[in-house]
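Notes to accompany the following structure.
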Amino acid sequence: MPYVNIQITKGATRDQRSQLVREVTDSLVRILNKRPDQTHIVIQEIEEDHWGFGGMLTEDYKKKHAG
């Protein structure tokens, strides 16, 4: 029974989350021959001010690198 946890910053639409679930499930079926009815996908949306990389919060990183 595959369990996949996807963590992204907030802002994905319902359609985008639905597409993620569908395509990750399809990949597990195609590549690993897993059963879709036993595949669990969890999407966790994290506030940008709770996520950091490059030594700064996501929001600050985006501001610094805005073109």
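The chains in the structure tokens are called A, B, ... from first to last as shown; in each chain the residues are counted from 1, and the ligands are counted from 1 in the order shown.
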
So which residues of chain A fall under alpha helix (DSSP H) by DSSP, listed as a PDB file with C-alpha atoms, in the first residue's frame?
```pdb
ATOM      1  CA  ARG A  14      -8.448  22.125  -6.320  1.00  0.00           C
ATOM      2  CA  ASP A  15      -7.900  21.175  -9.976  1.00  0.00           C
ATOM      3  CA  GLN A  16      -4.118  21.256  -9.518  1.00  0.00           C
ATOM      4  CA  ARG A  17      -4.296  19.100  -6.375  1.00  0.00           C
ATOM      5  CA  SER A  18      -6.607  16.690  -8.181  1.00  0.00           C
ATOM      6  CA  GLN A  19      -4.159  16.453 -11.082  1.00  0.00           C
ATOM      7  CA  LEU A  20      -1.273  15.774  -8.665  1.00  0.00           C
ATOM      8  CA  VAL A  21      -3.183  12.922  -7.015  1.00  0.00           C
ATOM      9  CA  ARG A  22      -4.168  11.448 -10.378  1.00  0.00           C
ATOM     10  CA  GLU A  23      -0.711  11.676 -11.944  1.00  0.00           C
ATOM     11  CA  VAL A  24       1.213  10.404  -8.907  1.00  0.00           C
ATOM     12  CA  THR A  25      -1.204   7.482  -8.647  1.00  0.00           C
ATOM     13  CA  ASP A  26      -0.851   6.767 -12.384  1.00  0.00           C
ATOM     14  CA  SER A  27       2.947   6.808 -12.031  1.00  0.00           C
ATOM     15  CA  LEU A  28       2.869   4.306  -9.172  1.00  0.00           C
ATOM     16  CA  VAL A  29       0.572   2.040 -11.175  1.00  0.00           C
ATOM     17  CA  ARG A  30       2.694   2.300 -14.324  1.00  0.00           C
ATOM     18  CA  ILE A  31       6.165   2.109 -12.782  1.00  0.00           C
ATOM     19  CA  LEU A  32       5.679  -0.092  -9.707  1.00  0.00           C
ATOM     20  CA  THR A  58       9.989  31.552   1.090  1.00  0.00           C
ATOM     21  CA  GLU A  59       8.235  34.922   0.943  1.00  0.00           C
ATOM     22  CA  ASP A  60      11.538  36.769   1.557  1.00  0.00           C
ATOM     23  CA  TYR A  61      13.333  34.605  -1.016  1.00  0.00           C
ATOM     24  CA  LYS A  62      10.689  35.410  -3.635  1.00  0.00           C
ATOM     25  CA  LYS A  63      10.963  39.133  -2.911  1.00  0.00           C
ATOM     26  CA  LYS A  64      14.771  39.054  -3.141  1.00  0.00           C
TER      27      LYS A  64
END
```

Hey, could you make a per-residue contact list for stretch 2-31 of chain A against stretch 40-46 of chain A with 6 Å as the cut-off, showing the nearest pair of atoms and its distance in Å to one decimal, counting only C-alpha atoms, sorted by chain and number, as CSV?
```
residue,atom,partner,partner_atom,distance
A:Tyr3,CA,A:His40,CA,4.8
A:Val4,CA,A:Ile41,CA,4.8
A:Asn5,CA,A:Val42,CA,4.8
A:Ile6,CA,A:Ile43,CA,4.8
A:Gln7,CA,A:Gln44,CA,4.8
A:Ile8,CA,A:Glu45,CA,5.1
A:Thr9,CA,A:Ile46,CA,4.7
A:Lys10,CA,A:Glu45,CA,4.8
```

Apply DSSP to the backbone of this structure and, from chain A, keep only the residues in strand (DSSP E or B); write these as a VMD selection string. chain A and resid 3 to 9 40 to 46 52 to 53 56 to 57

Work out how far apart atom CA of A:Gly55 and atom CA of A:Thr13 are and give it in Å to one decimal.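 Atom CA of A:Thr13 lies 27.8 Å from atom CA of A:Gly55.
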
Atomic separation - atom CA of A:Trp51 relative to atom CA of A:Ala12, Å: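 These atoms are spaced 15.5 Å apart.
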